[in-house]
>>> print(open('run-v7.tsv').read())   # TSV, C-alpha atoms and all ligand atoms
chain	number	residue	atom	x	y	z
A	1	MET	CA	-15.19	-99.41	57.90
A	2	LYS	CA	-12.88	-96.86	59.39
A	3	LYS	CA	-12.43	-95.31	55.94
A	4	ARG	CA	-16.19	-95.09	55.41
A	5	LEU	CA	-16.61	-93.38	58.77
A	6	SER	CA	-13.95	-90.79	58.00
A	7	MET	CA	-15.53	-90.22	54.57
A	8	ALA	CA	-18.89	-89.65	56.27
A	9	LEU	CA	-17.27	-87.22	58.69
A	10	PHE	CA	-15.55	-85.47	55.80
A	11	SER	CA	-18.76	-85.03	53.79
A	12	GLY	CA	-20.48	-83.86	56.96
A	13	LEU	CA	-17.77	-81.24	57.31
A	14	LEU	CA	-18.32	-80.16	53.71
A	15	ILE	CA	-22.02	-79.66	54.43
A	16	LEU	CA	-21.11	-77.63	57.51
A	17	LEU	CA	-18.76	-75.49	55.47
A	18	ASN	CA	-21.71	-74.35	53.40
A	19	LEU	CA	-23.68	-73.28	56.44
A	20	PRO	CA	-23.66	-69.60	57.28
A	21	GLY	CA	-22.00	-69.32	60.65
A	22	LEU	CA	-19.33	-71.97	60.44
A	23	SER	CA	-16.62	-69.47	59.65
A	24	ALA	CA	-17.44	-68.02	63.07
A	25	ALA	CA	-15.26	-70.77	64.46
A	26	ALA	CA	-12.30	-68.64	63.38
A	27	GLY	CA	-13.76	-65.38	64.64
A	28	GLN	CA	-14.29	-63.58	67.92
A	29	VAL	CA	-17.44	-62.25	69.55
A	30	LYS	CA	-17.63	-58.47	69.15
A	31	ARG	CA	-20.24	-56.79	71.36
A	32	TYR	CA	-21.81	-53.37	70.86
A	33	THR	CA	-24.54	-51.45	72.67
A	34	PHE	CA	-26.78	-49.04	70.76
A	35	GLU	CA	-28.80	-46.71	73.00
A	36	ILE	CA	-31.36	-44.79	70.96
A	37	SER	CA	-32.45	-41.35	72.11
A	38	ILE	CA	-33.88	-38.18	70.60
A	39	GLY	CA	-31.88	-35.00	71.02
A	40	ASN	CA	-30.26	-32.08	69.26
A	41	TRP	CA	-27.31	-32.71	66.97
A	42	ASP	CA	-25.11	-29.69	66.10
A	43	ILE	CA	-24.29	-29.94	62.41
A	44	LEU	CA	-22.86	-26.39	62.35
A	45	PRO	CA	-22.48	-23.69	65.02
A	46	ASP	CA	-26.03	-22.39	65.59
A	47	VAL	CA	-27.59	-25.10	63.43
A	48	LYS	CA	-29.08	-27.67	65.74
A	49	VAL	CA	-31.12	-30.49	64.26
A	50	LYS	CA	-33.56	-32.62	66.19
A	51	SER	CA	-32.18	-36.09	65.55
A	52	LEU	CA	-32.43	-39.76	66.38
A	53	MET	CA	-29.08	-40.47	67.96
A	54	ILE	CA	-27.36	-43.67	68.92
A	55	ASN	CA	-25.10	-43.30	71.97
A	56	GLY	CA	-25.60	-39.55	71.52
A	57	GLN	CA	-23.96	-39.32	68.10
A	58	VAL	CA	-24.66	-38.95	64.36
A	59	PRO	CA	-23.70	-41.12	62.53
A	60	GLY	CA	-24.09	-43.91	65.07
A	61	PRO	CA	-21.19	-46.12	66.19
A	62	LYS	CA	-18.87	-47.72	63.68
A	63	ILE	CA	-18.80	-51.50	63.74
A	64	GLU	CA	-15.39	-52.74	62.58
A	65	VAL	CA	-14.81	-56.49	62.60
A	66	THR	CA	-13.12	-59.29	60.70
A	67	GLU	CA	-15.04	-61.63	58.44
A	68	GLY	CA	-16.33	-64.56	60.53
A	69	ASP	CA	-16.51	-62.62	63.80
A	70	ILE	CA	-19.78	-62.94	65.69
A	71	VAL	CA	-21.37	-59.50	66.00
A	72	GLU	CA	-23.70	-58.94	68.94
A	73	VAL	CA	-25.54	-55.64	69.10
A	74	LYS	CA	-27.80	-54.85	72.02
A	75	VAL	CA	-30.29	-52.20	70.93
A	76	ILE	CA	-31.90	-50.26	73.78
A	77	ASN	CA	-34.78	-48.01	72.78
A	78	ASN	CA	-34.87	-44.94	75.04
A	79	SER	CA	-36.86	-42.94	72.46
A	80	ALA	CA	-40.62	-42.64	72.10
A	81	LEU	CA	-40.58	-44.17	68.60
A	82	PRO	CA	-40.32	-47.76	67.37
A	83	HIS	CA	-37.20	-48.94	65.51
A	84	THR	CA	-35.49	-51.95	63.94
A	85	ILE	CA	-31.88	-52.19	62.73
A	86	HIS	CA	-31.03	-53.53	59.27
A	87	TRP	CA	-27.51	-54.75	58.36
A	88	HIS	CA	-27.14	-53.42	54.83
A	89	GLY	CA	-25.37	-55.74	52.40
A	90	LEU	CA	-24.81	-58.60	54.84
A	91	GLU	CA	-25.79	-62.22	54.30
A	92	ILE	CA	-27.19	-63.27	57.65
A	93	PRO	CA	-30.09	-65.33	59.01
A	94	ASN	CA	-33.43	-63.89	57.93
A	95	ASP	CA	-34.68	-63.26	61.49
A	96	GLN	CA	-31.74	-60.86	62.11
A	97	ASP	CA	-32.42	-58.74	58.99
A	98	GLY	CA	-34.40	-56.07	60.85
A	99	VAL	CA	-37.37	-55.37	58.58
A	100	PRO	CA	-40.49	-54.49	60.61
A	101	TYR	CA	-43.44	-56.83	60.12
A	102	VAL	CA	-41.44	-58.85	57.59
A	103	THR	CA	-38.83	-60.44	59.87
A	104	GLN	CA	-39.70	-59.01	63.32
A	105	ASP	CA	-41.95	-56.70	65.31
A	106	PRO	CA	-40.48	-53.24	65.94
A	107	ILE	CA	-38.52	-52.52	69.13
A	108	GLU	CA	-40.91	-50.32	71.12
A	109	LYS	CA	-40.12	-47.55	73.63
A	110	GLY	CA	-38.42	-49.02	76.70
A	111	GLU	CA	-37.70	-52.34	74.99
A	112	SER	CA	-34.39	-53.83	73.94
A	113	GLN	CA	-33.28	-56.50	71.48
A	114	VAL	CA	-30.01	-58.28	70.80
A	115	TYR	CA	-29.09	-58.83	67.15
A	116	ARG	CA	-26.54	-61.60	66.61
A	117	PHE	CA	-24.96	-62.68	63.34
A	118	VAL	CA	-21.71	-63.75	61.71
A	119	ALA	CA	-19.99	-60.87	59.89
A	120	ALA	CA	-20.03	-61.74	56.18
A	121	PRO	CA	-19.24	-61.11	53.42
A	122	ALA	CA	-16.17	-58.87	53.87
A	123	GLY	CA	-16.37	-55.29	52.61
A	124	THR	CA	-17.52	-51.73	53.26
A	125	ARG	CA	-21.09	-52.05	54.49
A	126	PHE	CA	-23.38	-50.16	56.85
A	127	TRP	CA	-26.35	-50.45	59.19
A	128	HIS	CA	-29.48	-48.31	59.46
A	129	CYS	CA	-32.89	-48.16	61.07
A	130	HIS	CA	-35.60	-49.76	58.94
A	131	TRP	CA	-38.64	-48.19	60.62
A	132	SER	CA	-40.08	-45.14	58.76
A	133	THR	CA	-36.77	-45.30	56.92
A	134	LEU	CA	-36.94	-41.90	55.18
A	135	LEU	CA	-37.31	-40.12	58.53
A	136	HIS	CA	-35.26	-42.42	60.73
A	137	ILE	CA	-32.21	-42.62	58.43
A	138	SER	CA	-32.04	-38.91	57.64
A	139	GLY	CA	-32.82	-38.49	61.34
A	140	GLY	CA	-29.41	-39.98	62.12
A	141	MET	CA	-29.84	-43.74	62.61
A	142	TYR	CA	-27.05	-45.09	60.44
A	143	GLY	CA	-23.40	-46.04	60.79
A	144	PRO	CA	-20.55	-47.86	59.05
A	145	LEU	CA	-20.11	-51.62	59.27
A	146	ILE	CA	-16.61	-52.46	58.06
A	147	ILE	CA	-15.81	-56.15	57.62
A	148	HIS	CA	-12.11	-56.84	56.98
A	149	PRO	CA	-11.37	-60.00	54.98
A	150	ARG	CA	-10.08	-62.94	57.03
A	151	ASN	CA	-7.71	-63.97	54.26
A	152	PRO	CA	-4.85	-61.38	54.04
A	153	ALA	CA	-4.59	-62.05	50.28
A	154	ASP	CA	-8.07	-60.47	49.88
A	155	ASP	CA	-7.16	-57.35	51.86
A	156	LEU	CA	-7.26	-54.31	49.56
A	157	ASN	CA	-5.26	-52.30	52.14
A	158	ARG	CA	-2.38	-54.73	51.64
A	159	ARG	CA	-2.81	-54.94	47.88
A	160	TYR	CA	-2.59	-51.15	47.47
A	161	ASP	CA	-0.23	-50.49	50.40
A	162	VAL	CA	-2.78	-48.15	52.01
A	163	THR	CA	-1.38	-45.64	54.51
A	164	LEU	CA	-4.72	-44.03	55.48
A	165	ASP	CA	-8.07	-45.89	55.57
A	166	LYS	CA	-10.97	-43.49	56.10
A	167	THR	CA	-14.75	-43.95	56.10
A	168	MET	CA	-17.13	-41.19	55.01
A	169	MET	CA	-20.88	-41.53	55.58
A	170	VAL	CA	-22.99	-39.22	53.46
A	171	ASP	CA	-26.52	-38.04	54.28
A	172	SER	CA	-28.85	-35.18	53.26
A	173	ILE	CA	-31.25	-33.57	55.67
A	174	ASP	CA	-34.06	-31.02	55.97
A	175	PRO	CA	-33.86	-29.78	59.60
A	176	GLN	CA	-37.35	-28.20	59.66
A	177	TRP	CA	-39.05	-31.30	58.21
A	178	GLN	CA	-37.12	-33.56	60.54
A	179	GLU	CA	-38.03	-31.55	63.64
A	180	LYS	CA	-41.70	-31.35	62.65
A	181	MET	CA	-42.02	-35.04	61.86
A	182	LEU	CA	-40.11	-36.32	64.89
A	183	THR	CA	-42.09	-34.05	67.25
A	184	MET	CA	-45.38	-35.12	65.68
A	185	MET	CA	-44.52	-38.81	65.86
A	186	GLU	CA	-43.36	-38.49	69.48
A	187	LYS	CA	-46.65	-36.85	70.46
A	188	MET	CA	-48.68	-39.47	68.63
A	189	HIS	CA	-46.90	-42.36	70.29
A	190	ALA	CA	-47.02	-40.69	73.73
A	191	MET	CA	-50.79	-40.14	73.40
A	192	GLU	CA	-51.39	-43.71	72.42
A	193	ALA	CA	-49.16	-44.98	75.25
A	194	MET	CA	-51.25	-42.93	77.71
A	195	LYS	CA	-54.38	-44.59	76.42
A	196	LYS	CA	-52.59	-47.86	77.20
A	197	LYS	CA	-53.35	-49.30	73.85
A	198	SER	CA	-51.34	-52.19	72.46
A	199	PRO	CA	-48.28	-51.34	70.34
A	200	ASP	CA	-50.18	-52.55	67.29
A	201	ALA	CA	-53.02	-50.15	68.06
A	202	THR	CA	-50.39	-47.41	68.40
A	203	HIS	CA	-49.25	-47.94	64.88
A	204	LYS	CA	-52.77	-48.23	63.56
A	205	ALA	CA	-53.76	-44.95	65.19
A	206	SER	CA	-50.68	-43.20	63.84
A	207	GLY	CA	-51.28	-44.57	60.36
A	208	GLU	CA	-48.01	-46.54	60.37
A	209	LYS	CA	-49.64	-49.94	60.00
A	210	LEU	CA	-49.32	-52.00	56.86
A	211	PHE	CA	-52.50	-52.55	54.85
A	212	GLY	CA	-55.26	-53.91	57.09
A	213	SER	CA	-57.16	-55.68	54.32
A	214	VAL	CA	-57.12	-56.43	50.62
A	215	ALA	CA	-59.68	-53.62	50.20
A	216	ASP	CA	-57.23	-51.15	51.88
A	217	TYR	CA	-54.49	-52.32	49.56
A	218	ARG	CA	-56.69	-51.88	46.43
A	219	ARG	CA	-57.75	-48.43	47.59
A	220	ALA	CA	-54.10	-47.44	48.15
A	221	ILE	CA	-53.21	-48.48	44.60
A	222	ALA	CA	-56.24	-46.70	43.13
A	223	GLU	CA	-55.59	-43.48	45.07
A	224	GLY	CA	-51.82	-43.58	44.84
A	225	PHE	CA	-49.87	-44.88	47.80
A	226	LYS	CA	-48.03	-42.50	50.08
A	227	SER	CA	-45.78	-43.51	52.96
A	228	PRO	CA	-47.88	-43.30	56.14
A	229	TYR	CA	-45.58	-40.69	57.63
A	230	LEU	CA	-45.91	-38.49	54.53
A	231	ARG	CA	-49.71	-38.48	54.22
A	232	GLY	CA	-50.95	-34.91	54.18
A	233	LEU	CA	-47.46	-33.64	55.06
A	234	PRO	CA	-44.80	-31.85	53.04
A	235	LYS	CA	-41.93	-33.83	51.57
A	236	PRO	CA	-38.42	-33.09	52.80
A	237	SER	CA	-36.45	-30.51	50.86
A	238	TYR	CA	-32.81	-31.34	51.53
A	239	LYS	CA	-30.92	-28.23	52.64
A	240	TYR	CA	-27.80	-29.65	54.28
A	241	HIS	CA	-25.54	-32.42	52.99
A	242	LEU	CA	-23.36	-34.12	55.56
A	243	ILE	CA	-20.17	-36.16	55.68
A	244	ASN	CA	-19.87	-38.00	59.00
A	245	GLY	CA	-22.55	-35.78	60.56
A	246	HIS	CA	-21.32	-32.34	59.41
A	247	PRO	CA	-21.30	-30.31	56.19
A	248	TYR	CA	-18.27	-28.48	54.79
A	249	PRO	CA	-16.38	-26.51	56.14
A	250	LEU	CA	-16.71	-28.70	59.23
A	251	VAL	CA	-15.65	-31.77	57.26
A	252	PRO	CA	-11.99	-32.23	58.26
A	253	PRO	CA	-9.47	-32.29	55.38
A	254	VAL	CA	-7.98	-35.61	54.34
A	255	MET	CA	-4.22	-35.26	54.86
A	256	THR	CA	-1.64	-37.27	52.94
A	257	ARG	CA	1.66	-36.86	51.07
A	258	VAL	CA	3.04	-37.75	47.65
A	259	GLY	CA	3.95	-41.44	47.58
A	260	GLU	CA	1.26	-42.44	50.08
A	261	THR	CA	-2.06	-44.15	49.36
A	262	VAL	CA	-5.44	-43.19	50.80
A	263	ARG	CA	-8.43	-45.49	50.83
A	264	LEU	CA	-11.78	-43.71	51.11
A	265	ARG	CA	-14.81	-45.82	51.92
A	266	MET	CA	-17.76	-43.66	50.88
A	267	ILE	CA	-21.27	-44.71	51.87
A	268	ASN	CA	-24.49	-42.86	50.96
A	269	ALA	CA	-27.04	-43.47	53.72
A	270	GLY	CA	-29.24	-40.61	52.48
A	271	ASN	CA	-32.08	-40.37	50.03
A	272	ILE	CA	-30.51	-38.48	47.12
A	273	PRO	CA	-27.44	-39.09	44.90
A	274	HIS	CA	-24.14	-37.23	45.22
A	275	TYR	CA	-21.42	-36.82	42.60
A	276	PHE	CA	-17.96	-36.41	44.15
A	277	HIS	CA	-15.50	-34.75	41.79
A	278	PHE	CA	-11.83	-35.05	42.81
A	279	HIS	CA	-9.47	-32.31	41.62
A	280	GLY	CA	-5.86	-33.01	40.70
A	281	LEU	CA	-5.91	-36.78	40.30
A	282	GLN	CA	-7.45	-39.85	38.75
A	283	LEU	CA	-8.65	-42.31	41.39
A	284	LEU	CA	-9.44	-45.98	41.36
A	285	VAL	CA	-12.84	-47.35	42.32
A	286	VAL	CA	-11.83	-50.74	43.70
A	287	ALA	CA	-15.10	-51.94	45.25
A	288	ILE	CA	-18.81	-51.20	44.86
A	289	ASP	CA	-21.26	-52.07	47.62
A	290	GLY	CA	-18.33	-53.60	49.49
A	291	ASN	CA	-17.49	-56.08	46.75
A	292	PRO	CA	-14.07	-55.81	45.05
A	293	LEU	CA	-14.18	-55.14	41.31
A	294	ALA	CA	-12.36	-57.58	39.04
A	295	GLN	CA	-11.08	-54.55	37.13
A	296	PRO	CA	-10.74	-51.25	39.06
A	297	LEU	CA	-12.31	-48.22	37.43
A	298	LYS	CA	-10.09	-45.15	36.80
A	299	ILE	CA	-12.26	-42.01	37.06
A	300	ASN	CA	-12.35	-38.57	38.72
A	301	THR	CA	-16.09	-38.11	39.38
A	302	VAL	CA	-17.75	-40.65	41.64
A	303	PRO	CA	-21.53	-41.00	41.62
A	304	LEU	CA	-22.79	-42.26	44.96
A	305	PHE	CA	-26.41	-43.34	44.86
A	306	PRO	CA	-28.73	-43.84	47.86
A	307	GLY	CA	-27.80	-47.06	49.65
A	308	GLN	CA	-24.51	-47.39	47.75
A	309	ALA	CA	-20.94	-47.80	49.00
A	310	LYS	CA	-17.76	-47.23	46.97
A	311	ASP	CA	-14.14	-47.89	47.97
A	312	LEU	CA	-11.72	-45.44	46.40
A	313	ILE	CA	-7.93	-45.61	46.15
A	314	LEU	CA	-6.15	-42.22	45.91
A	315	GLN	CA	-2.47	-41.96	45.02
A	316	PRO	CA	-1.95	-38.21	44.58
A	317	LYS	CA	1.19	-37.17	42.67
A	318	ILE	CA	0.93	-33.36	42.89
A	319	PRO	CA	1.24	-31.49	46.23
A	320	GLY	CA	-1.42	-28.93	47.13
A	321	TRP	CA	-4.84	-28.32	48.60
A	322	TRP	CA	-7.17	-30.16	46.25
A	323	ALA	CA	-10.92	-29.62	46.36
A	324	VAL	CA	-13.26	-32.59	46.40
A	325	HIS	CA	-16.86	-31.53	45.92
A	326	ASP	CA	-20.33	-32.58	44.91
A	327	HIS	CA	-20.66	-31.70	41.21
A	328	ALA	CA	-24.40	-31.28	41.67
A	329	GLU	CA	-24.45	-27.61	42.64
A	330	TRP	CA	-26.98	-27.94	45.48
A	331	GLY	CA	-24.70	-30.56	47.10
A	332	SER	CA	-21.96	-27.96	47.62
A	333	THR	CA	-24.15	-25.58	49.65
A	334	ASN	CA	-25.47	-25.15	53.19
A	335	ASN	CA	-29.09	-23.99	53.07
A	336	GLY	CA	-28.39	-22.66	49.56
A	337	HIS	CA	-25.08	-20.94	50.41
A	338	PHE	CA	-21.79	-21.90	48.77
A	339	PRO	CA	-19.42	-23.35	49.92
A	340	GLY	CA	-20.82	-26.15	52.01
A	341	GLY	CA	-22.35	-29.58	51.86
A	342	THR	CA	-20.64	-32.73	50.69
A	343	MET	CA	-17.25	-31.19	50.08
A	344	PHE	CA	-13.77	-31.51	51.63
A	345	LEU	CA	-10.13	-30.74	50.97
A	346	LEU	CA	-7.44	-33.24	50.13
A	347	GLY	CA	-4.18	-31.90	51.55
A	348	VAL	CA	-1.22	-33.42	49.70
A	349	ALA	CA	2.25	-32.65	51.12
A	350	ASP	CA	5.50	-33.03	49.20
A	351	LYS	CA	8.41	-35.09	50.50
A	352	ASN	CA	9.45	-32.19	52.76
A	353	GLY	CA	5.96	-31.92	54.23
A	354	LYS	CA	5.06	-28.72	52.33
A	355	ILE	CA	1.57	-28.50	50.84
A	356	SER	CA	1.26	-25.10	49.15
A	357	ASP	CA	2.29	-21.44	49.39
A	358	TYR	CA	-1.39	-20.58	49.38
A	359	LYS	CA	-3.37	-21.15	52.57
A	360	PRO	CA	-7.04	-21.90	51.89
A	361	LYS	CA	-9.20	-19.05	53.23
A	362	ILE	CA	-12.17	-21.09	54.24
A	363	SER	CA	-14.18	-20.17	57.28
A	364	LEU	CA	-17.75	-20.40	58.48
A	365	THR	CA	-18.27	-16.71	57.76
A	366	GLN	CA	-17.16	-16.78	54.14
B	1	CU	CU	-35.69	-45.89	63.86
>>> encode(input="run-v7.tsv", output="structure tokens")
Amino acid sequence: MKKRLSMALFSGLLILLNLPGLSAAAGQVKRYTFEISIGNWDILPDVKVKSLMINGQVPGPKIEVTEGDIVEVKVINNSALPHTIHWHGLEIPNDQDGVPYVTQDPIEKGESQVYRFVAAPAGTRFWHCHWSTLLHISGGMYGPLIIHPRNPADDLNRRYDVTLDKTMMVDSIDPQWQEKMLTMMEKMHAMEAMKKKSPDATHKASGEKLFGSVADYRRAIAEGFKSPYLRGLPKPSYKYHLINGHPYPLVPPVMTRVGETVRLRMINAGNIPHYFHFHGLQLLVVAIDGNPLAQPLKINTVPLFPGQAKDLILQPKIPGWWAVHDHAEWGSTNNGHFPGGTMFLLGVADKNGKISDYKPKISLTQ
């Protein structure tokens, strides 16, 4: 009898082990507050971009937790536009997935919502707004979500003896388009709010509603569907390419020395691909979309597609200032001018701390 009872308890435990959330027993609660506002973000001196900022910054805050932790994010909407937050690459309960009208209603102006989920699976992941995604992501609503493995044996930092672990979030923007669209959307929502219409009517009036009827849907297919926020408006033409909110030369160099190991977690939140070519070394791609590869890939040019994350291991052997740049020419420019964009320097010192006799002559006026 006693044996049967313990067997029943054991099988019950096995069932529990398969439930998402059980591993939270081992984790801690990690709380974050995201306050959304609209303001100017300085990507370069004299280049201000009207942006959607979280806690006043672009990218938004980094969430860094251990697998199994409970993540609680309170989202406070102080902007005039609706938003939802999606946790990209996570396996969490459906009602926390942040897709407007699929898993929840949008968070309207003045409203707040708490997202709560268990951080899993481990890896380099990110979060972003899922409302009018083209505008709201390039507008600045994205940030890293790093989940460290709970089991030390799965930790790539340990496996490769990493001395520097750095995250780079990539995005491409068109400042004029962004300003025009955000201003237009703000006005539209403000007008509708004044008329005291329901939030649903707001979206209907601004053309942001999903198809109202089967007839609407058929017409959209026949006429060619366009995102509501692009109807009758120009498409963005990406002029600036950012790493952590700034283009080169404002991207700080990655500093290391021979014998050390750098891990770069590169995440493309933007809408176009980038091709990072690393001078002076072969690197290892050890994870794609946060998931470790069974066999690391040894390459020197790293394609990074929209929505993709790649973990890179760098073990430079030759001292010097090594260029890392987008091999698509437009990616290495600011508003068409070289050098700029998704580019940075890898500074490799020798054992005495010396990098090179040549000092890079890079400035904002070059
Ligand atoms: Cu948004």
>>> residues_near_ligand(input="run-v7.tsv", ligand="ligand CU 1 (chain B)", cutoff="12 Å", atoms="only C-alpha atoms and all ligand atoms", output="JSON, numbers by chain")
{"A": [34, 35, 36, 37, 38, 51, 52, 53, 54, 60, 75, 76, 77, 78, 79, 80, 81, 82, 83, 84, 85, 86, 98, 99, 100, 106, 107, 108, 109, 127, 128, 129, 130, 131, 132, 133, 134, 135, 136, 137, 138, 139, 140, 141, 142, 182, 185]}
>>> closest_residue(input="run-v7.tsv", among="A:Phe305, A:Trp321, A:Tyr248, A:Tyr358", to="Thr342 of chain A", atoms="all atoms listed in the file")
A:Tyr248
>>> closest_residue(input="run-v7.tsv", among="A:Ile299, A:Leu281, A:Leu345, A:Met181", to="Ile318 of chain A", atoms="only C-alpha atoms")
A:Leu281
>>> closest_residue(input="run-v7.tsv", among="A:Asn335, A:Thr256, A:Gln96, A:Asn55", to="Ile355 of chain A", atoms="all atoms listed in the file")
A:Thr256
>>> closest_residue(input="run-v7.tsv", among="A:Pro152, A:Pro319, A:Gly341, A:Gly143", to="Ile173 of chain A", atoms="all atoms listed in the file")
A:Gly341
>>> closest_residue(input="run-v7.tsv", among="A:Leu283, A:Phe344, A:Ile288, A:Trp330", to="Pro360 of chain A", atoms="all atoms listed in the file")
A:Phe344
>>> closest_residue(input="run-v7.tsv", among="A:Arg125, A:His246, A:Arg116, A:Lys48", to="Glu64 of chain A", atoms="all atoms listed in the file")
A:Arg125
>>> atom_distance(input="run-v7.tsv", atom1="atom CA of Ser356 of chain A", atom2="atom CA of Ile243 of chain A")
25.0 Å
>>> atom_distance(input="run-v7.tsv", atom1="atom CA of Leu250 of chain A", atom2="atom CA of Phe338 of chain A")
13.5 Å
>>> residues_around(input="run-v7.tsv", residues="Arg263 of chain A", least_positions_apart="4", cutoff="12 Å", atoms="all atoms listed in the file", output="number ranges by chain")
A: 124, 155-168, 254-256, 283-287, 310-316
>>> atom_distance(input="run-v7.tsv", atom1="atom CA of His148 of chain A", atom2="atom CA of Val65 of chain A")
6.2 Å
